>>> print(open('work15.tsv').read())   # TSV, C-alpha atoms
chain	number	residue	atom	x	y	z
A	738	GLY	CA	0.00	0.00	0.00
A	739	LYS	CA	2.64	2.56	1.08
A	740	ASP	CA	4.98	1.55	-1.74
A	741	ALA	CA	2.20	2.07	-4.28
A	742	GLU	CA	1.40	5.51	-2.80
A	743	ALA	CA	5.07	6.48	-2.87
A	744	ALA	CA	5.42	5.35	-6.47
A	745	GLU	CA	2.31	7.31	-7.49
A	746	PHE	CA	3.56	10.43	-5.70
A	747	PHE	CA	6.98	10.14	-7.35
A	748	ASP	CA	5.34	9.77	-10.74
A	749	GLN	CA	3.30	12.94	-10.14
A	750	GLN	CA	6.41	14.94	-9.28
A	751	ALA	CA	8.33	13.49	-12.19
A	752	ALA	CA	5.46	14.40	-14.52
A	753	ILE	CA	5.62	18.04	-13.41
A	754	ILE	CA	9.37	18.21	-14.04
A	755	THR	CA	8.95	16.45	-17.39
A	756	GLN	CA	6.52	19.20	-18.42
A	757	LEU	CA	9.30	21.72	-17.93
A	758	GLU	CA	11.84	19.82	-19.99
A	759	GLY	CA	10.25	21.07	-23.18
A	760	PHE	CA	11.00	24.69	-22.28
A	761	GLU	CA	14.29	26.22	-23.36
A	762	ASN	CA	16.26	28.24	-20.84
A	763	THR	CA	14.76	31.72	-20.68
A	764	GLY	CA	18.16	33.28	-20.07
A	765	LYS	CA	16.59	35.26	-17.20
A	766	THR	CA	18.61	35.61	-14.03
A	767	VAL	CA	17.18	34.88	-10.59
A	768	ALA	CA	18.42	36.01	-7.19
A	769	PHE	CA	17.19	33.94	-4.25
A	770	PHE	CA	17.85	35.66	-0.90
A	771	PHE	CA	16.68	37.14	2.36
A	772	VAL	CA	17.84	40.11	4.44
A	773	ASN	CA	19.43	39.26	7.78
A	774	SER	CA	18.71	41.20	10.96
A	775	ASP	CA	22.17	42.81	10.72
A	776	GLY	CA	21.46	44.11	7.20
A	777	SER	CA	23.55	41.51	5.39
A	778	ILE	CA	22.07	39.50	2.51
A	779	VAL	CA	21.88	35.72	2.70
A	780	ILE	CA	22.16	33.89	-0.63
A	781	ARG	CA	22.67	30.24	-1.61
A	782	LYS	CA	25.92	28.70	-2.77
A	783	PRO	CA	26.00	27.99	-6.52
A	784	THR	CA	26.35	24.27	-5.76
A	785	ASP	CA	23.20	24.23	-3.60
A	786	TYR	CA	19.98	22.60	-4.78
A	787	ILE	CA	18.11	25.94	-5.05
A	788	PRO	CA	20.32	27.15	-7.96
A	789	LYS	CA	19.84	23.74	-9.59
A	790	MET	CA	16.07	24.10	-9.28
A	791	ILE	CA	16.28	27.56	-10.86
A	792	GLU	CA	18.17	26.05	-13.76
A	793	LEU	CA	15.62	23.26	-14.18
A	794	ALA	CA	12.87	25.89	-14.15
A	795	GLY	CA	14.46	27.63	-17.13
A	796	GLY	CA	16.38	30.35	-15.36
A	797	ARG	CA	19.96	31.19	-14.46
A	798	TYR	CA	21.10	31.71	-10.89
A	799	ALA	CA	22.47	35.25	-10.58
A	800	PHE	CA	25.33	34.08	-8.34
A	801	GLU	CA	26.27	31.03	-10.39
A	802	ASN	CA	29.91	32.17	-10.58
A	803	PHE	CA	30.16	33.33	-6.98
A	804	VAL	CA	33.33	32.04	-5.33
A	805	THR	CA	33.48	31.55	-1.57
A	806	ASP	CA	35.43	29.55	0.98
A	807	GLN	CA	32.38	29.31	3.23
A	808	THR	CA	31.24	25.73	3.75
A	809	ASN	CA	27.59	26.46	4.54
A	810	THR	CA	25.01	26.30	1.76
A	811	SER	CA	23.72	29.69	2.93
A	812	ILE	CA	26.21	32.53	2.43
A	813	SER	CA	26.07	35.93	4.07
A	814	VAL	CA	27.28	38.83	1.88
A	815	THR	CA	27.22	42.60	2.19
A	816	MET	CA	24.54	44.64	0.43
A	817	GLU	CA	27.28	46.09	-1.78
A	818	THR	CA	28.27	42.60	-2.95
A	819	PHE	CA	24.66	41.58	-3.51
A	820	TYR	CA	23.91	44.84	-5.32
A	821	GLY	CA	26.85	44.39	-7.70
A	822	THR	CA	25.47	41.09	-9.00
A	823	ALA	CA	21.72	41.15	-8.42
A	824	VAL	CA	20.84	44.76	-9.32
A	825	ASP	CA	20.22	43.68	-12.93
A	826	ALA	CA	18.62	40.31	-12.10
A	827	ASP	CA	15.33	39.71	-13.92
A	828	VAL	CA	13.61	38.09	-10.93
A	829	LEU	CA	14.07	38.44	-7.18
A	830	ILE	CA	12.75	35.67	-4.93
A	831	TYR	CA	12.62	36.51	-1.24
A	832	ASN	CA	13.24	33.47	0.94
A	833	ALA	CA	10.55	33.74	3.62
A	834	SER	CA	11.15	30.23	4.94
A	835	ILE	CA	13.86	31.72	7.17
A	836	ASP	CA	12.82	35.34	7.54
A	837	ALA	CA	9.28	36.67	7.90
A	838	PRO	CA	7.40	36.97	4.59
A	839	ILE	CA	7.18	40.37	2.93
A	840	SER	CA	3.89	41.48	1.40
A	841	SER	CA	4.91	44.69	-0.31
A	842	ILE	CA	7.80	46.42	-2.06
A	843	ASN	CA	7.73	49.02	0.70
A	844	GLU	CA	8.58	46.30	3.23
A	845	LEU	CA	11.56	45.31	1.10
A	846	LEU	CA	12.68	48.94	0.77
A	847	ALA	CA	12.38	49.30	4.54
A	848	LYS	CA	15.05	46.61	4.86
A	849	ASP	CA	17.35	48.55	2.50
A	850	ALA	CA	16.49	51.53	0.31
A	851	LEU	CA	19.00	50.38	-2.33
A	852	PHE	CA	16.49	47.77	-3.50
A	853	ALA	CA	14.74	50.62	-5.32
A	854	ASP	CA	17.56	50.51	-7.91
A	855	PHE	CA	16.97	46.84	-8.73
A	856	LYS	CA	15.60	45.99	-12.16
A	857	ALA	CA	13.23	43.34	-10.77
A	858	VAL	CA	11.80	45.82	-8.25
A	859	GLN	CA	11.23	48.46	-10.93
A	860	GLU	CA	9.59	45.94	-13.27
A	861	GLY	CA	7.44	44.26	-10.60
A	862	ASN	CA	9.19	40.88	-10.71
A	863	VAL	CA	9.68	40.36	-6.99
A	864	TRP	CA	8.31	37.16	-5.49
A	865	CYS	CA	8.18	35.69	-2.01
A	866	THR	CA	8.20	32.04	-0.93
A	867	GLY	CA	5.92	30.65	1.76
A	868	LYS	CA	7.18	29.74	5.22
A	869	SER	CA	6.93	26.03	4.37
A	870	PHE	CA	9.26	26.22	1.34
A	871	TYR	CA	12.15	24.27	2.90
A	872	GLN	CA	9.87	21.89	4.76
A	873	ALA	CA	8.25	20.70	1.54
A	874	THR	CA	11.15	18.70	0.15
A	875	ASP	CA	8.69	16.04	-0.98
A	876	ILE	CA	7.14	18.35	-3.59
A	877	VAL	CA	10.20	19.58	-5.44
A	878	GLY	CA	8.26	19.46	-8.70
A	879	GLU	CA	5.86	22.17	-7.52
A	880	MET	CA	8.79	24.32	-6.36
A	881	ILE	CA	10.40	24.17	-9.78
A	882	ARG	CA	7.08	24.90	-11.48
A	883	ASP	CA	6.58	27.96	-9.24
A	884	ILE	CA	9.97	29.34	-10.28
A	885	HIS	CA	9.18	28.60	-13.92
A	886	LEU	CA	5.87	30.48	-13.65
A	887	ALA	CA	7.68	33.47	-12.11
A	888	LEU	CA	10.13	33.43	-15.02
A	889	THR	CA	7.51	33.20	-17.73
A	890	GLY	CA	4.74	35.43	-16.37
A	891	GLY	CA	2.52	32.52	-15.39
A	892	ALA	CA	-0.57	32.81	-13.22
A	893	GLU	CA	0.13	33.33	-9.54
A	894	SER	CA	-2.97	31.25	-8.77
A	895	ASP	CA	-1.18	28.19	-10.21
A	896	MET	CA	1.65	28.49	-7.70
A	897	THR	CA	2.04	26.36	-4.61
A	898	PHE	CA	4.60	28.38	-2.61
A	899	GLY	CA	5.22	31.70	-4.32
A	900	GLU	CA	3.35	34.96	-4.54
A	901	ARG	CA	4.12	38.22	-6.33
A	902	ILE	CA	4.94	41.18	-4.12
A	903	ALA	CA	2.74	44.21	-4.73
A	904	SER	CA	4.43	47.38	-5.92
A	905	GLY	CA	3.98	50.71	-4.18
A	906	LEU	CA	1.67	51.87	-6.99
A	907	GLU	CA	-0.51	48.78	-6.64
A	908	GLU	CA	-0.63	49.32	-2.87
A	909	SER	CA	-1.72	52.91	-3.46
A	910	PHE	CA	-4.56	51.78	-5.71
A	911	VAL	CA	-5.62	49.23	-3.11
A	912	ASN	CA	-5.54	51.86	-0.37
A	913	ILE	CA	-7.47	54.31	-2.54
A	914	GLY	CA	-10.05	51.63	-3.30
A	915	GLU	CA	-10.42	50.74	0.36
A	916	GLY	CA	-10.76	54.44	1.21
A	917	ALA	CA	-13.43	54.90	-1.45
A	918	VAL	CA	-15.41	51.98	-0.05
A	919	ASP	CA	-15.16	53.36	3.48
A	920	PHE	CA	-16.29	56.78	2.26
A	921	ALA	CA	-19.24	55.27	0.36
A	922	VAL	CA	-20.38	53.35	3.45
A	923	TRP	CA	-20.05	56.46	5.62
A	924	PHE	CA	-21.89	58.60	3.05
A	925	LEU	CA	-24.81	56.19	2.72
A	926	THR	CA	-25.25	55.76	6.46
A	927	SER	CA	-24.94	59.51	7.04
A	928	LEU	CA	-27.12	60.56	4.10
A	929	PRO	CA	-30.33	61.14	6.14
A	930	TYR	CA	-28.43	63.39	8.54
A	931	ILE	CA	-26.74	65.22	5.67
A	932	ILE	CA	-30.15	65.89	4.07
A	933	ILE	CA	-31.60	67.14	7.36
A	934	ALA	CA	-28.60	69.41	7.90
A	935	ALA	CA	-28.88	70.73	4.34
A	936	LEU	CA	-32.59	71.46	4.77
A	937	PHE	CA	-31.85	73.23	8.05
A	938	VAL	CA	-29.22	75.44	6.38
A	939	ILE	CA	-31.61	76.23	3.50
A	940	ALA	CA	-34.36	77.11	5.98
A	941	VAL	CA	-32.05	79.44	7.91
A	942	VAL	CA	-30.93	81.16	4.70
A	943	LEU	CA	-34.55	81.65	3.59
A	944	ILE	CA	-35.52	83.04	6.98
A	945	ILE	CA	-32.62	85.50	6.91
A	946	LYS	CA	-33.56	86.62	3.40
A	947	LEU	CA	-37.20	87.04	4.48
A	948	ILE	CA	-36.21	89.16	7.48
A	949	LYS	CA	-33.95	91.35	5.32
A	950	SER	CA	-36.70	91.84	2.71
A	951	ARG	CA	-39.07	93.20	5.35
A	952	LYS	CA	-36.67	95.83	6.57
>>> encode(input="work15.tsv", output="C-alpha cells")
Amino acid sequence: GKDAEAAEFFDQQAAIITQLEGFENTGKTVAFFFVNSDGSIVIRKPTDYIPKMIELAGGRYAFENFVTDQTNTSISVTMETFYGTAVDADVLIYNASIDAPISSINELLAKDALFADFKAVQEGNVWCTGKSFYQATDIVGEMIRDIHLALTGGAESDMTFGERIASGLEESFVNIGEGAVDFAVWFLTSLPYIIIAALFVIAVVLIIKLIKSRK
C-alpha cells in the first residue's frame, strides 16, 4: 500500500518536471535571498539545490559564478556585494522560509532603500516564498514549477509556494479603493443626517432673506 502511494507520488512529481523539460532556458537571471537582521544579505551557494532548481525551471542563478570559501550552503554577503550582481537580475525571490514573509515592495525597501535601484523591483518581478518552502522537500516538482511560472509570467494562482509582491503603486490603488469603499459606506449611512442638515441650512438662509426683505 505505502509503496504504491510512494510510487504514485513520485510519478506525479516526475510528470511536473517532465513538463518543464520542453522549455528552453529563458536566459533570465534569478536572485534567491533574504535580508538578515544585521542588514547583510543571505544567498545560496552555486552548488546548492536551489540554484539547480532555478536552472531546471528555465532560469539562471544570478550568483552562479560566486566564489566563496564558506562551507555552509547559505552565504552571508554585504549589500554592496549583492547589489553588484543582483541589481540587474530579472527576478528576485525573497526566501521567507527563514525570515518573515514580505507582502509589499515598501517592506523590502524598509530593509534597504538600495532595493529601489533593482531591475526586478522596478519591473514588478519580486516574489516571495511561503514559510513552508524548505519543509516541503517532498514536492520539489511544484517548487520548480513555481519558479518557472515566475520566469515566464505565469498565473500566480497556479503556484504552490510563491506569490508576487505588490508594488507601491498597486498598494496605493488598493488603499485608494479601500478608502473609497469606506467613504461610500459612511456617506450612505450619514445621508439622512446630511439631508436634514442641508434642509436646516436652507431654511435658515430663507428666513434671513425674508427678514432682510421686510426691513
>>> residues_around(input="work15.tsv", residues="range 804-811 of chain A", least_positions_apart="5", cutoff="6 Å", atoms="all atoms listed in the file", output="PyMOL selection string")
chain A and resi 780-782
>>> atom_distance(input="work15.tsv", atom1="CA of Ala903 in chain A", atom2="CA of Tyr831 in chain A")
13.0 Å
>>> atom_distance(input="work15.tsv", atom1="CA of Phe898 in chain A", atom2="CA of Glu879 in chain A")
8.0 Å
>>> closest_residue(input="work15.tsv", among="A:Glu761, A:Glu817, A:Asp836, A:Glu893", to="Ala794 in chain A", atoms="all atoms listed in the file")
A:Glu761
>>> atom_distance(input="work15.tsv", atom1="CA of Ala847 in chain A", atom2="CA of Met880 in chain A")
27.5 Å
>>> closest_residue(input="work15.tsv", among="A:Ile778, A:Ala768, A:Pro788, A:Cys865", to="Ala823 in chain A", atoms="all atoms listed in the file")
A:Ala768
>>> closest_residue(input="work15.tsv", among="A:Asp775, A:Glu860, A:Glu900, A:Asp849", to="Ala887 in chain A", atoms="all atoms listed in the file")
A:Glu900
>>> closest_residue(input="work15.tsv", among="A:Trp864, A:Phe855, A:Phe771, A:Phe803", to="Pro783 in chain A", atoms="only C-alpha atoms")
A:Phe803
>>> closest_residue(input="work15.tsv", among="A:Gly890, A:Gly821, A:Gly867, A:Gly861", to="Ala837 in chain A", atoms="all atoms listed in the file")
A:Gly867
>>> residues_near_point(input="work15.tsv", point="(17.9, 46.7, -11.6)", cutoff="8 Å", atoms="only C-alpha atoms", output="CSV table (one decimal) with C-alpha atoms, keeping the file's coordinate frame")
chain,number,residue,atom,x,y,z
A,823,ALA,CA,21.7,41.2,-8.4
A,824,VAL,CA,20.8,44.8,-9.3
A,825,ASP,CA,20.2,43.7,-12.9
A,826,ALA,CA,18.6,40.3,-12.1
A,827,ASP,CA,15.3,39.7,-13.9
A,854,ASP,CA,17.6,50.5,-7.9
A,855,PHE,CA,17.0,46.8,-8.7
A,856,LYS,CA,15.6,46.0,-12.2
A,857,ALA,CA,13.2,43.3,-10.8
A,858,VAL,CA,11.8,45.8,-8.2
A,859,GLN,CA,11.2,48.5,-10.9
>>> residues_around(input="work15.tsv", residues="Ile787 in chain A", least_positions_apart="6", cutoff="12 Å", atoms="all atoms listed in the file", output="ChimeraX atom specification")
/A:767-770,780-781,793-794,796-801,810-811,830,832,870-871,874,877,880-881,884
>>> closest_residue(input="work15.tsv", among="A:Ser834, A:Thr755, A:Asn802, A:Thr784", to="Val772 in chain A", atoms="all atoms listed in the file")
A:Ser834
>>> build_atoms(input="work15.tsv", residues="range 884-905 of chain A", atoms="N, CA and C atoms", output="PDB file, in the frame of the given file")
ATOM      1  N   ILE A 884       8.891  28.498  -9.767  1.00  0.00           N
ATOM      2  CA  ILE A 884       9.970  29.340 -10.280  1.00  0.00           C
ATOM      3  C   ILE A 884       9.799  29.552 -11.785  1.00  0.00           C
ATOM      4  N   HIS A 885       9.401  28.497 -12.481  1.00  0.00           N
ATOM      5  CA  HIS A 885       9.180  28.600 -13.920  1.00  0.00           C
ATOM      6  C   HIS A 885       8.048  29.595 -14.231  1.00  0.00           C
ATOM      7  N   LEU A 886       6.984  29.551 -13.455  1.00  0.00           N
ATOM      8  CA  LEU A 886       5.870  30.480 -13.650  1.00  0.00           C
ATOM      9  C   LEU A 886       6.309  31.913 -13.403  1.00  0.00           C
ATOM     10  N   ALA A 887       7.168  32.122 -12.396  1.00  0.00           N
ATOM     11  CA  ALA A 887       7.680  33.470 -12.110  1.00  0.00           C
ATOM     12  C   ALA A 887       8.541  33.971 -13.267  1.00  0.00           C
ATOM     13  N   LEU A 888       9.253  33.059 -13.904  1.00  0.00           N
ATOM     14  CA  LEU A 888      10.130  33.430 -15.020  1.00  0.00           C
ATOM     15  C   LEU A 888       9.366  33.737 -16.300  1.00  0.00           C
ATOM     16  N   THR A 889       8.238  33.101 -16.463  1.00  0.00           N
ATOM     17  CA  THR A 889       7.510  33.200 -17.730  1.00  0.00           C
ATOM     18  C   THR A 889       6.205  33.976 -17.647  1.00  0.00           C
ATOM     19  N   GLY A 890       5.961  34.634 -16.506  1.00  0.00           N
ATOM     20  CA  GLY A 890       4.740  35.430 -16.370  1.00  0.00           C
ATOM     21  C   GLY A 890       3.501  34.578 -16.201  1.00  0.00           C
ATOM     22  N   GLY A 891       3.660  33.402 -15.612  1.00  0.00           N
ATOM     23  CA  GLY A 891       2.520  32.520 -15.390  1.00  0.00           C
ATOM     24  C   GLY A 891       1.581  33.048 -14.326  1.00  0.00           C
ATOM     25  N   ALA A 892       0.453  32.372 -14.180  1.00  0.00           N
ATOM     26  CA  ALA A 892      -0.570  32.810 -13.220  1.00  0.00           C
ATOM     27  C   ALA A 892      -0.131  32.505 -11.795  1.00  0.00           C
ATOM     28  N   GLU A 893      -0.231  33.505 -10.942  1.00  0.00           N
ATOM     29  CA  GLU A 893       0.130  33.330  -9.540  1.00  0.00           C
ATOM     30  C   GLU A 893      -0.776  32.301  -8.867  1.00  0.00           C
ATOM     31  N   SER A 894      -2.010  32.185  -9.362  1.00  0.00           N
ATOM     32  CA  SER A 894      -2.970  31.250  -8.770  1.00  0.00           C
ATOM     33  C   SER A 894      -2.556  29.797  -8.988  1.00  0.00           C
ATOM     34  N   ASP A 895      -1.658  29.559  -9.944  1.00  0.00           N
ATOM     35  CA  ASP A 895      -1.180  28.190 -10.210  1.00  0.00           C
ATOM     36  C   ASP A 895      -0.003  27.811  -9.334  1.00  0.00           C
ATOM     37  N   MET A 896       0.473  28.750  -8.525  1.00  0.00           N
ATOM     38  CA  MET A 896       1.650  28.490  -7.700  1.00  0.00           C
ATOM     39  C   MET A 896       1.275  27.804  -6.390  1.00  0.00           C
ATOM     40  N   THR A 897       2.226  27.056  -5.879  1.00  0.00           N
ATOM     41  CA  THR A 897       2.040  26.360  -4.610  1.00  0.00           C
ATOM     42  C   THR A 897       2.667  27.140  -3.463  1.00  0.00           C
ATOM     43  N   PHE A 898       3.850  27.718  -3.684  1.00  0.00           N
ATOM     44  CA  PHE A 898       4.600  28.380  -2.610  1.00  0.00           C
ATOM     45  C   PHE A 898       4.798  29.871  -2.817  1.00  0.00           C
ATOM     46  N   GLY A 899       4.846  30.323  -4.063  1.00  0.00           N
ATOM     47  CA  GLY A 899       5.220  31.700  -4.320  1.00  0.00           C
ATOM     48  C   GLY A 899       4.056  32.647  -4.499  1.00  0.00           C
ATOM     49  N   GLU A 900       4.328  33.928  -4.250  1.00  0.00           N
ATOM     50  CA  GLU A 900       3.350  34.960  -4.540  1.00  0.00           C
ATOM     51  C   GLU A 900       4.091  36.239  -4.932  1.00  0.00           C
ATOM     52  N   ARG A 901       3.498  36.978  -5.881  1.00  0.00           N
ATOM     53  CA  ARG A 901       4.120  38.220  -6.330  1.00  0.00           C
ATOM     54  C   ARG A 901       3.939  39.300  -5.262  1.00  0.00           C
ATOM     55  N   ILE A 902       4.982  40.100  -5.085  1.00  0.00           N
ATOM     56  CA  ILE A 902       4.940  41.180  -4.120  1.00  0.00           C
ATOM     57  C   ILE A 902       4.385  42.426  -4.785  1.00  0.00           C
ATOM     58  N   ALA A 903       3.390  43.035  -4.159  1.00  0.00           N
ATOM     59  CA  ALA A 903       2.740  44.210  -4.730  1.00  0.00           C
ATOM     60  C   ALA A 903       3.684  45.397  -4.741  1.00  0.00           C
ATOM     61  N   SER A 904       3.612  46.171  -5.828  1.00  0.00           N
ATOM     62  CA  SER A 904       4.430  47.380  -5.920  1.00  0.00           C
ATOM     63  C   SER A 904       3.773  48.482  -5.123  1.00  0.00           C
ATOM     64  N   GLY A 905       4.515  49.576  -4.908  1.00  0.00           N
ATOM     65  CA  GLY A 905       3.980  50.710  -4.180  1.00  0.00           C
ATOM     66  C   GLY A 905       2.764  51.292  -4.874  1.00  0.00           C
TER      67      GLY A 905
END
